[in-house]
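The data block below is model_3.pdb; it holds PDB, N, CA and C atoms.
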ATOM      1  N   MET A   1      16.967   7.555  -1.985
ATOM      2  CA  MET A   1      15.557   7.260  -1.940
ATOM      3  C   MET A   1      15.057   7.453  -0.517
ATOM      4  N   VAL A   2      13.894   7.988  -0.366
ATOM      5  CA  VAL A   2      13.321   8.263   0.938
ATOM      6  C   VAL A   2      12.543   7.039   1.417
ATOM      7  N   MET A   3      12.817   6.636   2.648
ATOM      8  CA  MET A   3      12.063   5.537   3.252
ATOM      9  C   MET A   3      10.744   6.101   3.753
ATOM     10  N   LYS A   4       9.657   5.456   3.376
ATOM     11  CA  LYS A   4       8.344   5.909   3.816
ATOM     12  C   LYS A   4       7.849   4.983   4.911
ATOM     13  N   ASN A   5       7.199   5.553   5.882
ATOM     14  CA  ASN A   5       6.585   4.771   6.940
ATOM     15  C   ASN A   5       5.091   4.699   6.675
ATOM     16  N   TYR A   6       4.598   3.490   6.535
ATOM     17  CA  TYR A   6       3.181   3.283   6.281
ATOM     18  C   TYR A   6       2.529   2.763   7.553
ATOM     19  N   PRO A   7       1.313   3.214   7.840
ATOM     20  CA  PRO A   7       0.614   2.718   9.028
ATOM     21  C   PRO A   7       0.342   1.208   8.891
ATOM     22  N   PRO A   8       0.316   0.495  10.008
ATOM     23  CA  PRO A   8       0.063  -0.948   9.957
ATOM     24  C   PRO A   8      -1.237  -1.307   9.236
ATOM     25  N   GLN A   9      -2.280  -0.512   9.425
ATOM     26  CA  GLN A   9      -3.554  -0.826   8.778
ATOM     27  C   GLN A   9      -3.446  -0.688   7.261
ATOM     28  N   PHE A  10      -2.686   0.290   6.794
ATOM     29  CA  PHE A  10      -2.466   0.466   5.358
ATOM     30  C   PHE A  10      -1.765  -0.766   4.786
ATOM     31  N   LYS A  11      -0.733  -1.235   5.491
ATOM     32  CA  LYS A  11      -0.006  -2.426   5.049
ATOM     33  C   LYS A  11      -0.939  -3.630   4.983
ATOM     34  N   ALA A  12      -1.723  -3.799   6.043
ATOM     35  CA  ALA A  12      -2.642  -4.938   6.098
ATOM     36  C   ALA A  12      -3.669  -4.861   4.966
ATOM     37  N   ASP A  13      -4.187  -3.671   4.698
ATOM     38  CA  ASP A  13      -5.165  -3.492   3.621
ATOM     39  C   ASP A  13      -4.561  -3.845   2.272
ATOM     40  N   ALA A  14      -3.329  -3.423   2.040
ATOM     41  CA  ALA A  14      -2.664  -3.698   0.770
ATOM     42  C   ALA A  14      -2.433  -5.200   0.600
ATOM     43  N   VAL A  15      -2.008  -5.869   1.662
ATOM     44  CA  VAL A  15      -1.768  -7.317   1.598
ATOM     45  C   VAL A  15      -3.075  -8.060   1.345
ATOM     46  N   VAL A  16      -4.125  -7.682   2.063
ATOM     47  CA  VAL A  16      -5.423  -8.338   1.890
ATOM     48  C   VAL A  16      -5.933  -8.143   0.465
ATOM     49  N   LEU A  17      -5.788  -6.946  -0.049
ATOM     50  CA  LEU A  17      -6.243  -6.690  -1.419
ATOM     51  C   LEU A  17      -5.469  -7.554  -2.401
ATOM     52  N   TYR A  18      -4.154  -7.620  -2.260
ATOM     53  CA  TYR A  18      -3.338  -8.450  -3.158
ATOM     54  C   TYR A  18      -3.738  -9.921  -3.046
ATOM     55  N   GLN A  19      -3.890 -10.407  -1.829
ATOM     56  CA  GLN A  19      -4.212 -11.819  -1.632
ATOM     57  C   GLN A  19      -5.625 -12.157  -2.077
ATOM     58  N   SER A  20      -6.500 -11.170  -2.112
ATOM     59  CA  SER A  20      -7.883 -11.423  -2.511
ATOM     60  C   SER A  20      -8.055 -11.439  -4.031
ATOM     61  N   ARG A  21      -7.009 -11.080  -4.753
ATOM     62  CA  ARG A  21      -7.067 -11.053  -6.212
ATOM     63  C   ARG A  21      -5.995 -11.980  -6.775
ATOM     64  N   PRO A  22      -6.247 -13.292  -6.795
ATOM     65  CA  PRO A  22      -5.213 -14.228  -7.224
ATOM     66  C   PRO A  22      -4.746 -14.009  -8.660
ATOM     67  N   GLU A  23      -5.570 -13.395  -9.481
ATOM     68  CA  GLU A  23      -5.174 -13.160 -10.870
ATOM     69  C   GLU A  23      -4.288 -11.927 -11.019
ATOM     70  N   ALA A  24      -4.218 -11.098 -10.003
ATOM     71  CA  ALA A  24      -3.472  -9.846 -10.085
ATOM     72  C   ALA A  24      -1.996 -10.060  -9.739
ATOM     73  N   THR A  25      -1.152  -9.307 -10.407
ATOM     74  CA  THR A  25       0.271  -9.311 -10.064
ATOM     75  C   THR A  25       0.526  -8.222  -9.025
ATOM     76  N   ILE A  26       1.681  -8.304  -8.400
ATOM     77  CA  ILE A  26       2.050  -7.267  -7.424
ATOM     78  C   ILE A  26       2.114  -5.915  -8.123
ATOM     79  N   ARG A  27       2.658  -5.865  -9.315
ATOM     80  CA  ARG A  27       2.764  -4.596 -10.045
ATOM     81  C   ARG A  27       1.391  -3.986 -10.325
ATOM     82  N   GLN A  28       0.403  -4.804 -10.627
ATOM     83  CA  GLN A  28      -0.942  -4.290 -10.872
ATOM     84  C   GLN A  28      -1.542  -3.690  -9.601
ATOM     85  N   VAL A  29      -1.306  -4.341  -8.482
ATOM     86  CA  VAL A  29      -1.866  -3.849  -7.218
ATOM     87  C   VAL A  29      -1.172  -2.561  -6.783
ATOM     88  N   VAL A  30       0.153  -2.499  -6.874
ATOM     89  CA  VAL A  30       0.859  -1.302  -6.401
ATOM     90  C   VAL A  30       0.585  -0.097  -7.290
ATOM     91  N   ALA A  31       0.198  -0.324  -8.534
ATOM     92  CA  ALA A  31      -0.132   0.801  -9.408
ATOM     93  C   ALA A  31      -1.315   1.580  -8.843
ATOM     94  N   ASP A  32      -2.240   0.886  -8.195
ATOM     95  CA  ASP A  32      -3.404   1.544  -7.589
ATOM     96  C   ASP A  32      -3.064   2.201  -6.257
ATOM     97  N   TRP A  33      -2.030   1.717  -5.599
ATOM     98  CA  TRP A  33      -1.709   2.186  -4.255
ATOM     99  C   TRP A  33      -0.553   3.167  -4.208
ATOM    100  N   GLY A  34       0.212   3.244  -5.266
ATOM    101  CA  GLY A  34       1.332   4.180  -5.290
ATOM    102  C   GLY A  34       2.491   3.781  -4.395
ATOM    103  N   ILE A  35       2.722   2.475  -4.262
ATOM    104  CA  ILE A  35       3.843   2.015  -3.455
ATOM    105  C   ILE A  35       4.797   1.210  -4.336
ATOM    106  N   ASN A  36       5.995   0.991  -3.851
ATOM    107  CA  ASN A  36       7.009   0.248  -4.574
ATOM    108  C   ASN A  36       6.645  -1.235  -4.575
ATOM    109  N   PRO A  37       6.818  -1.922  -5.710
ATOM    110  CA  PRO A  37       6.494  -3.360  -5.747
ATOM    111  C   PRO A  37       7.245  -4.183  -4.696
ATOM    112  N   GLU A  38       8.506  -3.865  -4.456
ATOM    113  CA  GLU A  38       9.277  -4.614  -3.456
ATOM    114  C   GLU A  38       8.706  -4.408  -2.063
ATOM    115  N   THR A  39       8.157  -3.227  -1.810
ATOM    116  CA  THR A  39       7.559  -2.944  -0.506
ATOM    117  C   THR A  39       6.386  -3.890  -0.261
ATOM    118  N   LEU A  40       5.474  -3.971  -1.232
ATOM    119  CA  LEU A  40       4.329  -4.868  -1.068
ATOM    120  C   LEU A  40       4.791  -6.319  -0.999
ATOM    121  N   ARG A  41       5.759  -6.692  -1.813
ATOM    122  CA  ARG A  41       6.272  -8.066  -1.795
ATOM    123  C   ARG A  41       6.791  -8.418  -0.393
ATOM    124  N   ASN A  42       7.500  -7.486   0.241
ATOM    125  CA  ASN A  42       7.996  -7.719   1.607
ATOM    126  C   ASN A  42       6.858  -7.850   2.606
ATOM    127  N   TRP A  43       5.827  -7.017   2.458
ATOM    128  CA  TRP A  43       4.679  -7.090   3.359
ATOM    129  C   TRP A  43       3.966  -8.428   3.211
ATOM    130  N   VAL A  44       3.834  -8.906   1.972
ATOM    131  CA  VAL A  44       3.164 -10.188   1.727
ATOM    132  C   VAL A  44       3.978 -11.320   2.337
ATOM    133  N   ARG A  45       5.293 -11.289   2.151
ATOM    134  CA  ARG A  45       6.163 -12.316   2.751
ATOM    135  C   ARG A  45       6.037 -12.313   4.277
ATOM    136  N   ALA A  46       6.040 -11.126   4.859
ATOM    137  CA  ALA A  46       5.936 -11.022   6.319
ATOM    138  C   ALA A  46       4.595 -11.566   6.803
ATOM    139  N   ALA A  47       3.530 -11.264   6.071
ATOM    140  CA  ALA A  47       2.204 -11.757   6.451
ATOM    141  C   ALA A  47       2.153 -13.277   6.332
ATOM    142  N   ASP A  48       2.765 -13.819   5.281
ATOM    143  CA  ASP A  48       2.790 -15.274   5.102
ATOM    144  C   ASP A  48       3.611 -15.942   6.200
ATOM    145  N   ALA A  49       4.713 -15.315   6.596
ATOM    146  CA  ALA A  49       5.581 -15.891   7.624
ATOM    147  C   ALA A  49       4.901 -15.900   8.991
ATOM    148  N   SER A  50       4.042 -14.931   9.244
ATOM    149  CA  SER A  50       3.389 -14.853  10.554
ATOM    150  C   SER A  50       2.117 -15.696  10.612
ATOM    151  N   ARG A  51       1.705 -16.237   9.468
ATOM    152  CA  ARG A  51       0.482 -17.041   9.423
ATOM    153  C   ARG A  51       0.812 -18.461   9.861
ATOM    154  N   PRO A  52      -0.049 -19.070  10.683
ATOM    155  CA  PRO A  52       0.189 -20.450  11.105
ATOM    156  C   PRO A  52       0.186 -21.388   9.897
ATOM    157  N   ARG A  53       0.984 -22.441   9.967
ATOM    158  CA  ARG A  53       1.087 -23.410   8.878
ATOM    159  C   ARG A  53       0.102 -24.558   9.083
ATOM    160  N   GLY A  54      -0.209 -25.243   8.020
ATOM    161  CA  GLY A  54      -1.076 -26.412   8.099
ATOM    162  C   GLY A  54      -2.358 -26.202   7.315
ATOM    163  N   HIS A  55      -3.090 -27.291   7.146
ATOM    164  CA  HIS A  55      -4.310 -27.235   6.344
ATOM    165  C   HIS A  55      -5.397 -26.385   7.000
ATOM    166  N   ARG A  56      -5.504 -26.430   8.306
ATOM    167  CA  ARG A  56      -6.549 -25.661   8.983
ATOM    168  C   ARG A  56      -6.294 -24.155   8.931
ATOM    169  N   ALA A  57      -5.055 -23.778   8.753
ATOM    170  CA  ALA A  57      -4.703 -22.353   8.745
ATOM    171  C   ALA A  57      -5.119 -21.663   7.450
ATOM    172  N   GLN A  58      -5.422 -22.438   6.416
ATOM    173  CA  GLN A  58      -5.754 -21.845   5.126
ATOM    174  C   GLN A  58      -7.244 -21.544   5.037
ATOM    175  N   ALA A  59      -7.613 -20.397   5.521
ATOM    176  CA  ALA A  59      -9.003 -19.955   5.431
ATOM    177  C   ALA A  59      -9.222 -19.302   4.071
ATOM    178  N   PRO A  60     -10.425 -19.394   3.543
ATOM    179  CA  PRO A  60     -10.671 -18.745   2.251
ATOM    180  C   PRO A  60     -10.490 -17.236   2.363
ATOM    181  N   VAL A  61      -9.894 -16.667   1.329
ATOM    182  CA  VAL A  61      -9.657 -15.229   1.310
ATOM    183  C   VAL A  61     -10.943 -14.538   0.874
ATOM    184  N   GLU A  62     -11.362 -13.575   1.666
ATOM    185  CA  GLU A  62     -12.593 -12.848   1.350
ATOM    186  C   GLU A  62     -12.279 -11.639   0.478
ATOM    187  N   GLN A  63     -13.201 -11.348  -0.411
ATOM    188  CA  GLN A  63     -13.083 -10.145  -1.233
ATOM    189  C   GLN A  63     -13.287  -8.929  -0.339
ATOM    190  N   PRO A  64     -12.552  -7.835  -0.609
ATOM    191  CA  PRO A  64     -12.796  -6.621   0.173
ATOM    192  C   PRO A  64     -14.212  -6.118  -0.093
ATOM    193  N   THR A  65     -14.846  -5.643   0.944
ATOM    194  CA  THR A  65     -16.182  -5.087   0.776
ATOM    195  C   THR A  65     -16.067  -3.758   0.046
ATOM    196  N   PRO A  66     -17.173  -3.268  -0.512
ATOM    197  CA  PRO A  66     -17.106  -1.953  -1.167
ATOM    198  C   PRO A  66     -16.591  -0.867  -0.220
ATOM    199  N   LEU A  67     -16.957  -0.961   1.036
ATOM    200  CA  LEU A  67     -16.495   0.029   2.018
ATOM    201  C   LEU A  67     -14.988  -0.075   2.231
ATOM    202  N   GLU A  68     -14.448  -1.290   2.272
ATOM    203  CA  GLU A  68     -13.005  -1.471   2.424
ATOM    204  C   GLU A  68     -12.253  -0.953   1.194
ATOM    205  N   ALA A  69     -12.816  -1.209   0.014
ATOM    206  CA  ALA A  69     -12.190  -0.717  -1.211
ATOM    207  C   ALA A  69     -12.205   0.811  -1.247
ATOM    208  N   GLU A  70     -13.325   1.401  -0.839
ATOM    209  CA  GLU A  70     -13.400   2.861  -0.800
ATOM    210  C   GLU A  70     -12.412   3.416   0.229
ATOM    211  N   ASN A  71     -12.312   2.754   1.368
ATOM    212  CA  ASN A  71     -11.382   3.181   2.408
ATOM    213  C   ASN A  71      -9.949   3.148   1.878
ATOM    214  N   ALA A  72      -9.602   2.098   1.162
ATOM    215  CA  ALA A  72      -8.259   1.985   0.596
ATOM    216  C   ALA A  72      -7.996   3.115  -0.399
ATOM    217  N   ALA A  73      -8.981   3.407  -1.240
ATOM    218  CA  ALA A  73      -8.822   4.481  -2.217
ATOM    219  C   ALA A  73      -8.666   5.833  -1.518
ATOM    220  N   LEU A  74      -9.422   6.048  -0.466
ATOM    221  CA  LEU A  74      -9.331   7.312   0.273
ATOM    222  C   LEU A  74      -7.993   7.439   0.992
ATOM    223  N   ARG A  75      -7.482   6.335   1.539
ATOM    224  CA  ARG A  75      -6.165   6.364   2.185
ATOM    225  C   ARG A  75      -5.090   6.740   1.163
ATOM    226  N   LYS A  76      -5.209   6.179  -0.027
ATOM    227  CA  LYS A  76      -4.252   6.492  -1.082
ATOM    228  C   LYS A  76      -4.313   7.973  -1.434
ATOM    229  N   LYS A  77      -5.525   8.520  -1.569
ATOM    230  CA  LYS A  77      -5.686   9.930  -1.923
ATOM    231  C   LYS A  77      -5.119  10.826  -0.822
ATOM    232  N   VAL A  78      -5.367  10.489   0.422
ATOM    233  CA  VAL A  78      -4.830  11.276   1.541
ATOM    234  C   VAL A  78      -3.316  11.276   1.489
ATOM    235  N   ARG A  79      -2.712  10.096   1.243
ATOM    236  CA  ARG A  79      -1.259  10.005   1.167
ATOM    237  C   ARG A  79      -0.714  10.870   0.031
ATOM    238  N   GLU A  80      -1.402  10.828  -1.126
ATOM    239  CA  GLU A  80      -0.971  11.650  -2.263
ATOM    240  C   GLU A  80      -1.048  13.136  -1.920
ATOM    241  N   LEU A  81      -2.137  13.546  -1.286
ATOM    242  CA  LEU A  81      -2.300  14.955  -0.927
ATOM    243  C   LEU A  81      -1.261  15.386   0.114
ATOM    244  N   GLU A  82      -0.952  14.501   1.061
ATOM    245  CA  GLU A  82       0.072  14.823   2.057
ATOM    246  C   GLU A  82       1.432  15.007   1.396
ATOM    247  N   GLU A  83       1.748  14.136   0.438
ATOM    248  CA  GLU A  83       3.020  14.263  -0.265
ATOM    249  C   GLU A  83       3.058  15.536  -1.099
ATOM    250  N   GLU A  84       1.945  15.840  -1.760
ATOM    251  CA  GLU A  84       1.865  17.066  -2.562
ATOM    252  C   GLU A  84       2.040  18.299  -1.679
ATOM    253  N   HIS A  85       1.406  18.275  -0.523
ATOM    254  CA  HIS A  85       1.505  19.398   0.416
ATOM    255  C   HIS A  85       2.948  19.566   0.904
ATOM    256  N   ALA A  86       3.603  18.458   1.218
ATOM    257  CA  ALA A  86       4.990  18.518   1.676
ATOM    258  C   ALA A  86       5.893  19.103   0.587
ATOM    259  N   MET A  87       5.666  18.708  -0.660
ATOM    260  CA  MET A  87       6.469  19.244  -1.768
ATOM    261  C   MET A  87       6.243  20.749  -1.919
ATOM    262  N   LYS A  88       5.000  21.185  -1.794
ATOM    263  CA  LYS A  88       4.694  22.618  -1.902
ATOM    264  C   LYS A  88       5.380  23.398  -0.789
ATOM    265  N   LEU A  89       5.384  22.829   0.411
ATOM    266  CA  LEU A  89       6.057  23.502   1.526
ATOM    267  C   LEU A  89       7.549  23.643   1.242
ATOM    268  N   LEU A  90       8.152  22.586   0.723
ATOM    269  CA  LEU A  90       9.583  22.643   0.407
ATOM    270  C   LEU A  90       9.858  23.672  -0.689
ATOM    271  N   LEU A  91       8.993  23.720  -1.689
ATOM    272  CA  LEU A  91       9.160  24.704  -2.760
ATOM    273  C   LEU A  91       9.016  26.120  -2.219
ATOM    274  N   ASP A  92       8.008  26.325  -1.377
ATOM    275  CA  ASP A  92       7.771  27.651  -0.806
ATOM    276  C   ASP A  92       8.946  28.117   0.056
ATOM    277  N   ARG A  93       9.592  27.181   0.695
ATOM    278  CA  ARG A  93      10.714  27.530   1.579
ATOM    279  C   ARG A  93      12.033  27.578   0.833
ATOM    280  N   GLY A  94      11.993  27.291  -0.465
ATOM    281  CA  GLY A  94      13.199  27.371  -1.273
ATOM    282  C   GLY A  94      14.118  26.182  -1.137
ATOM    283  N   HIS A  95      13.616  25.062  -0.578
ATOM    284  CA  HIS A  95      14.440  23.871  -0.414
ATOM    285  C   HIS A  95      14.553  23.065  -1.697
ATOM    286  N   LEU A  96      13.610  23.282  -2.592
ATOM    287  CA  LEU A  96      13.650  22.573  -3.877
ATOM    288  C   LEU A  96      13.625  23.587  -4.991
ATOM    289  N   GLU A  97      14.265  23.255  -6.081
ATOM    290  CA  GLU A  97      14.246  24.134  -7.243
ATOM    291  C   GLU A  97      13.259  23.596  -8.241
ATOM    292  N   THR A  98      12.541  24.487  -8.886
ATOM    293  CA  THR A  98      11.623  24.064  -9.930
ATOM    294  C   THR A  98      12.411  23.821 -11.206
ATOM    295  N   GLY A  99      11.822  23.105 -12.126
ATOM    296  CA  GLY A  99      12.488  22.803 -13.372
ATOM    297  C   GLY A  99      12.518  23.957 -14.331
ATOM    298  N   ALA A 100      11.954  25.088 -13.964
ATOM    299  CA  ALA A 100      11.895  26.239 -14.883
ATOM    300  C   ALA A 100      13.205  26.981 -14.957
TER     301      ALA A 100
END
What would you get if you wrote out this structure as structure tokens?
Amino acid sequence: MVMKNYPPQFKADAVVLYQSRPEATIRQVVADWGINPETLRNWVRAADASRPRGHRAQAPVEQPTPLEAENAALRKKVRELEEEHAMKLLLDRGHLETGA
């Protein structure tokens, strides 16, 4: 399996989106983002671990704005296109075989 490196802002956006939808499962959120459920679960754990503890630390979670949601969707599309482009390059160079 290939390890993917995600930009910090992408990780933060995914965690915020998950935390802003208490009714959503991790699997539902990652289906929109195209990432592994364990990856998001690790990001959420890391975000929770870095958050200060106590009653004052629990600020209400804000819903993503329409602009943030659009930004997340566009980041996902860019990532998909980059992966598609990389696969085409590998096919063109003969590094991968087609199923035909």
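Shortest atom-to-atom contact with Phe10 in chain A among A:Glu82, A:Asn36, A:Ala72, A:Pro64: A:Ala72, counting only N, CA and C atoms.
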**Message:** Which residues would end up in the selection if the PyMOL selection byres ((chain A and resi 43-49) around 8) were applied here, given that I need the answer as an NGL selection string?
**Reply:** :A and (11-12 or 14-16 or 19 or 37-42 or 50-53)
Would you compute an axis-aligned box for range 70-88 of chain A, covering every atom listed for it in the file with 5 Å of margin on each side, and report centre and edge lengths in Å to one decimal as AutoDock Vina command-line options?
--center_x -3.5 --center_y 12.4 --center_z -0.1 --size_x 29.9 --size_y 32.0 --size_z 15.0
**Ground truth for the PyMOL selection byres (((chain A and resi 69 and name CA) around 12) and name CA), written as an NGL selection string** = :A and (10 or 13-14 or 16-18 or 20 or 32-33 or 63-68 or 70-76)
**Message:** Using DSSP assignments from the backbone, pull out every residue in chain A that falls under helix (DSSP H, G or I) and give it to me as a ChimeraX atom specification.
**Reply:** /A:8-20,26-33,37-50,66-92
**Minimum-distance residue to Tyr6 in chain A, chosen among A:Ile35, A:Val29, A:Met87, A:Ala24 (using only C-alpha atoms)** =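 Ranking A:Ile35, A:Val29, A:Met87, A:Ala24 by distance to Tyr6 in chain A, first place goes to A:Ile35.
Note that atom C of Glu62 in chain A and atom N of Ile26 in chain A are 16.9 Å apart.
Here CA of Val78 in chain A is placed at a distance of 11.7 Å from atom N of Gly34 in chain A.
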**Asked** Hey, can you check how far atom C of Asn5 in chain A sits from atom N of Glu83 in chain A?
**Response** 11.8 Å
